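Reproduced below: work24.txt, with compact mmCIF, N, CA and C atoms.
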```
# COMPACT_ATOMS: atom_id res chain seq x y z
N ARG A 1474 6.43 26.09 3.47
CA ARG A 1474 5.14 25.51 3.83
C ARG A 1474 5.01 24.14 3.18
N SER A 1475 4.61 23.15 3.97
CA SER A 1475 4.48 21.81 3.42
C SER A 1475 3.08 21.61 2.84
N ASP A 1476 3.01 20.76 1.85
CA ASP A 1476 1.74 20.43 1.21
C ASP A 1476 1.10 19.30 1.99
N GLN A 1477 0.01 19.58 2.71
CA GLN A 1477 -0.64 18.59 3.56
C GLN A 1477 -1.34 17.49 2.77
N SER A 1478 -1.56 17.70 1.47
CA SER A 1478 -2.25 16.68 0.70
C SER A 1478 -1.31 15.59 0.21
N ARG A 1479 0.00 15.78 0.36
CA ARG A 1479 0.97 14.78 -0.07
C ARG A 1479 1.69 14.22 1.15
N PRO A 1480 1.97 12.94 1.14
CA PRO A 1480 2.68 12.34 2.27
C PRO A 1480 4.10 12.88 2.37
N GLY A 1481 4.59 13.00 3.59
CA GLY A 1481 5.93 13.49 3.81
C GLY A 1481 6.98 12.41 3.65
N GLN A 1482 8.22 12.83 3.80
CA GLN A 1482 9.33 11.89 3.66
C GLN A 1482 9.28 10.81 4.72
N LEU A 1483 8.82 11.15 5.92
CA LEU A 1483 8.74 10.14 6.97
C LEU A 1483 7.73 9.06 6.60
N GLY A 1484 6.59 9.46 6.06
CA GLY A 1484 5.60 8.49 5.62
C GLY A 1484 6.13 7.59 4.53
N GLN A 1485 6.87 8.18 3.60
CA GLN A 1485 7.47 7.39 2.52
C GLN A 1485 8.48 6.40 3.08
N PHE A 1486 9.33 6.89 3.98
CA PHE A 1486 10.36 6.04 4.58
C PHE A 1486 9.74 4.86 5.34
N ILE A 1487 8.73 5.15 6.16
CA ILE A 1487 8.08 4.10 6.94
C ILE A 1487 7.43 3.07 6.02
N THR A 1488 6.79 3.54 4.96
CA THR A 1488 6.10 2.62 4.05
C THR A 1488 7.10 1.76 3.29
N VAL A 1489 8.22 2.33 2.87
CA VAL A 1489 9.25 1.54 2.19
C VAL A 1489 9.81 0.49 3.15
N CYS A 1490 10.09 0.88 4.39
CA CYS A 1490 10.59 -0.09 5.38
C CYS A 1490 9.58 -1.20 5.60
N TRP A 1491 8.30 -0.85 5.71
CA TRP A 1491 7.27 -1.85 5.90
C TRP A 1491 7.21 -2.82 4.71
N ASP A 1492 7.29 -2.28 3.50
CA ASP A 1492 7.19 -3.16 2.33
C ASP A 1492 8.42 -4.05 2.19
N ILE A 1493 9.59 -3.56 2.59
CA ILE A 1493 10.79 -4.40 2.61
C ILE A 1493 10.59 -5.53 3.62
N TRP A 1494 10.10 -5.18 4.81
CA TRP A 1494 9.83 -6.20 5.83
C TRP A 1494 8.82 -7.21 5.31
N LYS A 1495 7.74 -6.73 4.69
CA LYS A 1495 6.70 -7.63 4.17
C LYS A 1495 7.28 -8.57 3.13
N ASN A 1496 8.12 -8.05 2.25
CA ASN A 1496 8.74 -8.88 1.22
C ASN A 1496 9.62 -9.96 1.85
N GLN A 1497 10.42 -9.59 2.84
CA GLN A 1497 11.27 -10.57 3.52
C GLN A 1497 10.43 -11.60 4.26
N ASN A 1498 9.34 -11.15 4.87
CA ASN A 1498 8.46 -12.07 5.58
C ASN A 1498 7.78 -13.04 4.61
N ASP A 1499 7.39 -12.55 3.44
CA ASP A 1499 6.80 -13.43 2.42
C ASP A 1499 7.79 -14.52 2.02
N ILE A 1500 9.06 -14.15 1.86
CA ILE A 1500 10.10 -15.12 1.49
C ILE A 1500 10.26 -16.15 2.61
N ARG A 1501 10.32 -15.70 3.85
CA ARG A 1501 10.47 -16.61 5.00
C ARG A 1501 9.31 -17.60 5.09
N MET A 1502 8.14 -17.16 4.66
CA MET A 1502 6.96 -18.02 4.74
C MET A 1502 6.82 -18.90 3.50
N GLY A 1503 7.86 -18.91 2.64
CA GLY A 1503 7.86 -19.79 1.49
C GLY A 1503 7.36 -19.16 0.21
N GLY A 1504 7.04 -17.88 0.25
CA GLY A 1504 6.56 -17.20 -0.95
C GLY A 1504 7.70 -16.75 -1.83
N LYS A 1505 7.33 -16.20 -2.96
CA LYS A 1505 8.31 -15.71 -3.91
C LYS A 1505 8.56 -14.22 -3.62
N GLY A 1506 9.80 -13.86 -3.44
CA GLY A 1506 10.14 -12.47 -3.19
C GLY A 1506 10.02 -11.62 -4.44
N ARG A 1507 9.91 -10.33 -4.23
CA ARG A 1507 9.83 -9.38 -5.35
C ARG A 1507 11.17 -8.67 -5.50
N ALA A 1508 11.45 -8.20 -6.70
CA ALA A 1508 12.67 -7.44 -6.95
C ALA A 1508 12.62 -6.13 -6.18
N GLY A 1509 13.78 -5.61 -5.82
CA GLY A 1509 13.86 -4.37 -5.07
C GLY A 1509 13.11 -3.23 -5.73
N ARG A 1510 13.22 -3.11 -7.03
CA ARG A 1510 12.53 -2.05 -7.77
C ARG A 1510 11.02 -2.19 -7.61
N THR A 1511 10.54 -3.42 -7.62
CA THR A 1511 9.11 -3.68 -7.47
C THR A 1511 8.65 -3.34 -6.06
N VAL A 1512 9.45 -3.68 -5.06
CA VAL A 1512 9.13 -3.34 -3.67
C VAL A 1512 9.02 -1.83 -3.52
N LEU A 1513 9.99 -1.10 -4.05
CA LEU A 1513 9.98 0.36 -3.95
C LEU A 1513 8.78 0.96 -4.69
N ARG A 1514 8.52 0.47 -5.87
CA ARG A 1514 7.39 0.98 -6.66
C ARG A 1514 6.07 0.73 -5.93
N ASN A 1515 5.94 -0.46 -5.36
CA ASN A 1515 4.73 -0.79 -4.61
C ASN A 1515 4.57 0.11 -3.39
N ALA A 1516 5.67 0.34 -2.67
CA ALA A 1516 5.61 1.19 -1.48
C ALA A 1516 5.21 2.62 -1.86
N MET A 1517 5.77 3.15 -2.92
CA MET A 1517 5.42 4.51 -3.34
C MET A 1517 3.96 4.59 -3.79
N HIS A 1518 3.48 3.52 -4.40
CA HIS A 1518 2.07 3.48 -4.78
C HIS A 1518 1.18 3.52 -3.54
N LEU A 1519 1.55 2.74 -2.52
CA LEU A 1519 0.79 2.77 -1.27
C LEU A 1519 0.79 4.16 -0.65
N VAL A 1520 1.95 4.80 -0.65
CA VAL A 1520 2.04 6.14 -0.07
C VAL A 1520 1.13 7.11 -0.81
N GLU A 1521 1.21 7.10 -2.10
CA GLU A 1521 0.45 8.05 -2.90
C GLU A 1521 -1.05 7.76 -2.90
N GLU A 1522 -1.44 6.51 -2.91
CA GLU A 1522 -2.84 6.16 -3.08
C GLU A 1522 -3.61 5.92 -1.79
N GLN A 1523 -2.94 5.41 -0.77
CA GLN A 1523 -3.70 4.95 0.38
C GLN A 1523 -3.32 5.54 1.72
N TRP A 1524 -2.09 5.96 1.91
CA TRP A 1524 -1.63 6.35 3.23
C TRP A 1524 -1.58 7.85 3.38
N LYS A 1525 -2.01 8.31 4.52
CA LYS A 1525 -1.80 9.68 4.92
C LYS A 1525 -1.29 9.60 6.36
N VAL A 1526 -0.05 9.93 6.55
CA VAL A 1526 0.58 9.79 7.85
C VAL A 1526 0.35 11.07 8.65
N THR A 1527 -0.22 10.91 9.82
CA THR A 1527 -0.41 12.04 10.72
C THR A 1527 0.06 11.62 12.10
N HIS A 1528 0.46 12.58 12.87
CA HIS A 1528 0.92 12.31 14.23
C HIS A 1528 -0.29 12.27 15.15
N THR A 1529 -0.35 11.25 15.98
CA THR A 1529 -1.41 11.12 16.97
C THR A 1529 -0.75 11.01 18.33
N LYS A 1530 -1.22 11.83 19.26
CA LYS A 1530 -0.67 11.77 20.60
C LYS A 1530 -1.02 10.43 21.24
N ARG A 1531 -0.28 10.07 22.26
CA ARG A 1531 -0.44 8.80 22.95
C ARG A 1531 -1.90 8.56 23.34
N GLU A 1532 -2.58 9.59 23.83
CA GLU A 1532 -3.96 9.44 24.27
C GLU A 1532 -4.89 9.13 23.09
N GLY A 1533 -4.46 9.43 21.88
CA GLY A 1533 -5.29 9.20 20.71
C GLY A 1533 -5.24 7.78 20.20
N ASN A 1534 -4.28 6.99 20.68
CA ASN A 1534 -4.19 5.60 20.23
C ASN A 1534 -3.63 4.76 21.37
N ILE A 1535 -4.46 4.53 22.34
CA ILE A 1535 -4.03 3.80 23.53
C ILE A 1535 -3.58 2.37 23.20
N PRO A 1536 -4.27 1.62 22.32
CA PRO A 1536 -3.79 0.27 22.02
C PRO A 1536 -2.35 0.26 21.48
N ALA A 1537 -2.02 1.20 20.59
CA ALA A 1537 -0.65 1.25 20.05
C ALA A 1537 0.35 1.58 21.16
N HIS A 1538 -0.02 2.49 22.04
CA HIS A 1538 0.88 2.84 23.15
C HIS A 1538 1.08 1.64 24.08
N LEU A 1539 0.00 0.92 24.39
CA LEU A 1539 0.12 -0.26 25.26
C LEU A 1539 0.99 -1.33 24.61
N LEU A 1540 0.83 -1.52 23.31
CA LEU A 1540 1.65 -2.52 22.62
C LEU A 1540 3.13 -2.13 22.66
N ALA A 1541 3.41 -0.85 22.46
CA ALA A 1541 4.80 -0.37 22.54
C ALA A 1541 5.37 -0.62 23.93
N GLN A 1542 4.57 -0.35 24.96
CA GLN A 1542 5.03 -0.59 26.33
C GLN A 1542 5.22 -2.08 26.59
N HIS A 1543 4.32 -2.90 26.05
CA HIS A 1543 4.40 -4.36 26.22
C HIS A 1543 5.70 -4.91 25.64
N THR A 1544 6.15 -4.36 24.52
CA THR A 1544 7.35 -4.89 23.87
C THR A 1544 8.60 -4.70 24.71
N LYS A 1545 8.57 -3.78 25.66
CA LYS A 1545 9.73 -3.60 26.54
C LYS A 1545 10.01 -4.85 27.36
N ASN A 1546 8.98 -5.67 27.60
CA ASN A 1546 9.12 -6.86 28.42
C ASN A 1546 9.26 -8.14 27.61
N VAL A 1547 9.28 -8.04 26.30
CA VAL A 1547 9.38 -9.21 25.44
C VAL A 1547 10.85 -9.45 25.12
N GLU A 1548 11.34 -10.64 25.44
CA GLU A 1548 12.75 -10.94 25.25
C GLU A 1548 13.04 -11.72 23.97
N ASP A 1549 12.03 -12.21 23.29
CA ASP A 1549 12.22 -13.03 22.11
C ASP A 1549 11.29 -12.54 21.01
N ASN A 1550 11.46 -13.06 19.81
CA ASN A 1550 10.54 -12.71 18.72
C ASN A 1550 9.18 -13.30 19.02
N VAL A 1551 8.15 -12.49 18.85
CA VAL A 1551 6.79 -12.92 19.12
C VAL A 1551 5.92 -12.55 17.93
N ALA A 1552 5.05 -13.48 17.53
CA ALA A 1552 4.08 -13.20 16.47
C ALA A 1552 2.72 -13.69 16.94
N TRP A 1553 1.71 -12.88 16.71
CA TRP A 1553 0.35 -13.27 17.06
C TRP A 1553 -0.40 -13.55 15.78
N LEU A 1554 -0.93 -14.74 15.67
CA LEU A 1554 -1.72 -15.12 14.51
C LEU A 1554 -3.15 -15.40 14.97
N LYS A 1555 -4.09 -14.73 14.36
CA LYS A 1555 -5.52 -14.87 14.64
C LYS A 1555 -5.93 -14.29 15.98
N GLU A 1556 -5.01 -13.98 16.85
CA GLU A 1556 -5.31 -13.40 18.15
C GLU A 1556 -4.27 -12.33 18.45
N CYS A 1557 -4.61 -11.45 19.36
CA CYS A 1557 -3.65 -10.44 19.80
C CYS A 1557 -3.56 -10.51 21.32
N PRO A 1558 -2.58 -9.86 21.91
CA PRO A 1558 -2.48 -9.88 23.37
C PRO A 1558 -3.77 -9.36 24.00
N SER A 1559 -4.20 -9.98 25.09
CA SER A 1559 -5.48 -9.61 25.71
C SER A 1559 -5.51 -8.14 26.11
N LEU A 1560 -4.39 -7.57 26.55
CA LEU A 1560 -4.39 -6.17 26.93
C LEU A 1560 -4.72 -5.27 25.74
N ILE A 1561 -4.29 -5.65 24.55
CA ILE A 1561 -4.59 -4.87 23.34
C ILE A 1561 -6.05 -5.05 22.96
N GLU A 1562 -6.53 -6.28 23.04
CA GLU A 1562 -7.93 -6.55 22.71
C GLU A 1562 -8.86 -5.74 23.62
N HIS A 1563 -8.58 -5.74 24.92
CA HIS A 1563 -9.41 -4.99 25.86
C HIS A 1563 -9.33 -3.49 25.59
N ALA A 1564 -8.15 -2.99 25.27
CA ALA A 1564 -8.00 -1.55 24.98
C ALA A 1564 -8.77 -1.17 23.73
N CYS A 1565 -8.75 -2.03 22.72
CA CYS A 1565 -9.49 -1.74 21.48
C CYS A 1565 -10.99 -1.74 21.74
N VAL A 1566 -11.47 -2.69 22.52
CA VAL A 1566 -12.90 -2.74 22.85
C VAL A 1566 -13.28 -1.49 23.61
N HIS A 1567 -12.46 -1.13 24.59
CA HIS A 1567 -12.74 0.07 25.39
C HIS A 1567 -12.73 1.32 24.50
N GLU A 1568 -11.74 1.44 23.64
CA GLU A 1568 -11.64 2.61 22.76
C GLU A 1568 -12.84 2.68 21.82
N ARG A 1569 -13.25 1.54 21.31
CA ARG A 1569 -14.41 1.50 20.41
C ARG A 1569 -15.67 1.94 21.14
N ASN A 1570 -15.85 1.47 22.37
CA ASN A 1570 -17.03 1.83 23.15
C ASN A 1570 -17.05 3.32 23.49
N VAL A 1571 -15.88 3.89 23.72
CA VAL A 1571 -15.79 5.31 24.08
C VAL A 1571 -16.08 6.18 22.87
N THR A 1572 -15.62 5.77 21.68
CA THR A 1572 -15.77 6.61 20.48
C THR A 1572 -17.09 6.41 19.78
N HIS A 1573 -17.84 5.35 20.10
CA HIS A 1573 -19.12 5.12 19.41
C HIS A 1573 -20.28 5.32 20.32
```
If you convert what's in this file into structure tokens, what do you get?
Amino acid sequence: RSDQSRPGQLGQFITVCWDIWKNQNDIRMGGKGRAGRTVLRNAMHLVEEQWKVTHTKREGNIPAHLLAQHTKNVEDNVAWLKECPSLIEHACVHERNVTH
């Protein structure tokens, strides 16, 4: 039986990958990178203190599903700063209106 109050290995793995990506992105943007040990320690802190990974079916997060589908048609690296794709913005507005 798994302990639902603690994040699983998948959550830990995803968070470590995200923090490695964030560290590399910080370096690319001219920032100072962190040591590997610091990246790992920070990721584990995030897992323990802030993240609870749960599975949500496609219908539970339509904007994420639409973004995943959108990436199938993207041929190059794309970054959105200050704005997001209009299809995601509309889906978020719709989802917010439905849930509130």
**Request:** Could you check how far atom C of Pro1536 (chain A) sits from CA of Ser1559 (chain A), in Å to one decimal?
**Result:** 11.2 Å
**Request:** Would you kindly return, as a ChimeraX atom specification, each protein, DNA or RNA residue with an atom no farther than 6.5 Å from any atom of region 1484-1498 of chain A, considering only N, CA and C atoms and excluding same-chain residues fewer than 4 positions away?
**Result:** /A:1480,1502-1503,1506-1507,1512-1513,1516-1517,1520,1526
**Length of the CA of Thr1511 (chain A) to atom C of Asn1550 (chain A) vector [Å]** =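 Separating CA of Thr1511 (chain A) from atom C of Asn1550 (chain A) is a distance of 28.2 Å.
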**Asked** In Å, with one decimal, what is the gap from atom C of Ala1537 (chain A) to atom C of Asp1549 (chain A)?
**Response**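 Pair atom C of Ala1537 (chain A) / atom C of Asp1549 (chain A) returns 17.9 Å.
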Any chance you could work out the axis-aligned box around region 1487-1503 of chain A, listed atoms only, 4 Å on each side, giving centre and edge lengths in Å to one decimal, as lines of an AutoDock Vina configuration file?
```
center_x = 8.7
center_y = -7.3
center_z = 3.6
size_x = 13.2
size_y = 32.9
size_z = 14.7
```
Completed region 1492-1503 of chain A (all heavy atoms) as a short mmCIF file (atom, residue, chain, number, x, y, z; two decimals), in the coordinates of the input:
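Wrote out.cif, looks like this:
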```
data_model
loop_
_atom_site.label_atom_id
_atom_site.label_comp_id
_atom_site.auth_asym_id
_atom_site.auth_seq_id
_atom_site.Cartn_x
_atom_site.Cartn_y
_atom_site.Cartn_z
N ASP A 1492 7.29 -2.28 3.50
CA ASP A 1492 7.19 -3.16 2.33
C ASP A 1492 8.42 -4.05 2.19
O ASP A 1492 8.32 -5.20 1.75
CB ASP A 1492 6.95 -2.34 1.05
CG ASP A 1492 6.18 -3.13 0.00
OD1 ASP A 1492 5.35 -3.99 0.40
OD2 ASP A 1492 6.41 -2.91 -1.19
N ILE A 1493 9.59 -3.56 2.59
CA ILE A 1493 10.79 -4.40 2.61
C ILE A 1493 10.59 -5.53 3.62
O ILE A 1493 10.86 -6.70 3.33
CB ILE A 1493 12.05 -3.58 2.94
CG1 ILE A 1493 12.39 -2.65 1.78
CG2 ILE A 1493 13.23 -4.49 3.28
CD1 ILE A 1493 13.45 -1.62 2.11
N TRP A 1494 10.10 -5.18 4.81
CA TRP A 1494 9.83 -6.20 5.83
C TRP A 1494 8.82 -7.21 5.31
O TRP A 1494 9.00 -8.41 5.47
CB TRP A 1494 9.29 -5.53 7.11
CG TRP A 1494 8.78 -6.53 8.09
CD1 TRP A 1494 9.49 -7.23 9.01
CD2 TRP A 1494 7.42 -6.98 8.21
NE1 TRP A 1494 8.66 -8.09 9.70
CE2 TRP A 1494 7.38 -7.95 9.23
CE3 TRP A 1494 6.24 -6.65 7.55
CZ2 TRP A 1494 6.21 -8.58 9.60
CZ3 TRP A 1494 5.07 -7.28 7.93
CH2 TRP A 1494 5.07 -8.24 8.95
N LYS A 1495 7.74 -6.73 4.69
CA LYS A 1495 6.70 -7.63 4.17
C LYS A 1495 7.28 -8.57 3.13
O LYS A 1495 6.98 -9.77 3.12
CB LYS A 1495 5.55 -6.83 3.57
CG LYS A 1495 4.41 -7.69 3.07
CD LYS A 1495 3.32 -6.84 2.47
CE LYS A 1495 2.16 -7.68 1.96
NZ LYS A 1495 2.54 -8.70 1.01
N ASN A 1496 8.12 -8.05 2.25
CA ASN A 1496 8.74 -8.88 1.22
C ASN A 1496 9.62 -9.96 1.85
O ASN A 1496 9.56 -11.13 1.46
CB ASN A 1496 9.56 -8.01 0.26
CG ASN A 1496 10.02 -8.77 -0.96
OD1 ASN A 1496 9.24 -9.42 -1.64
ND2 ASN A 1496 11.31 -8.68 -1.25
N GLN A 1497 10.42 -9.59 2.84
CA GLN A 1497 11.27 -10.57 3.52
C GLN A 1497 10.43 -11.60 4.26
O GLN A 1497 10.74 -12.79 4.28
CB GLN A 1497 12.21 -9.87 4.49
CG GLN A 1497 13.28 -9.06 3.80
CD GLN A 1497 14.15 -8.30 4.78
OE1 GLN A 1497 13.75 -8.02 5.90
NE2 GLN A 1497 15.34 -7.94 4.33
N ASN A 1498 9.34 -11.15 4.87
CA ASN A 1498 8.46 -12.07 5.58
C ASN A 1498 7.78 -13.04 4.61
O ASN A 1498 7.64 -14.22 4.92
CB ASN A 1498 7.41 -11.28 6.37
CG ASN A 1498 6.80 -12.09 7.47
OD1 ASN A 1498 7.49 -12.82 8.18
ND2 ASN A 1498 5.49 -11.98 7.62
N ASP A 1499 7.39 -12.55 3.44
CA ASP A 1499 6.80 -13.43 2.42
C ASP A 1499 7.79 -14.52 2.02
O ASP A 1499 7.42 -15.69 1.88
CB ASP A 1499 6.39 -12.63 1.18
CG ASP A 1499 5.18 -11.75 1.41
OD1 ASP A 1499 4.47 -11.95 2.42
OD2 ASP A 1499 4.95 -10.84 0.59
N ILE A 1500 9.06 -14.15 1.86
CA ILE A 1500 10.10 -15.12 1.49
C ILE A 1500 10.26 -16.15 2.61
O ILE A 1500 10.33 -17.35 2.35
CB ILE A 1500 11.44 -14.42 1.19
CG1 ILE A 1500 11.31 -13.57 -0.09
CG2 ILE A 1500 12.57 -15.43 1.05
CD1 ILE A 1500 12.47 -12.63 -0.32
N ARG A 1501 10.32 -15.70 3.85
CA ARG A 1501 10.47 -16.61 5.00
C ARG A 1501 9.31 -17.60 5.09
O ARG A 1501 9.48 -18.71 5.58
CB ARG A 1501 10.56 -15.82 6.30
CG ARG A 1501 11.86 -15.15 6.49
CD ARG A 1501 11.92 -14.47 7.83
NE ARG A 1501 13.11 -13.65 7.88
CZ ARG A 1501 13.24 -12.58 8.62
NH1 ARG A 1501 12.24 -12.17 9.38
NH2 ARG A 1501 14.35 -11.89 8.60
N MET A 1502 8.14 -17.16 4.66
CA MET A 1502 6.96 -18.02 4.74
C MET A 1502 6.82 -18.90 3.50
O MET A 1502 5.81 -19.54 3.30
CB MET A 1502 5.70 -17.17 4.92
CG MET A 1502 5.71 -16.34 6.19
SD MET A 1502 5.90 -17.30 7.69
CE MET A 1502 4.28 -18.01 7.81
N GLY A 1503 7.86 -18.91 2.64
CA GLY A 1503 7.86 -19.79 1.49
C GLY A 1503 7.36 -19.16 0.21
O GLY A 1503 7.25 -19.83 -0.81
#
```
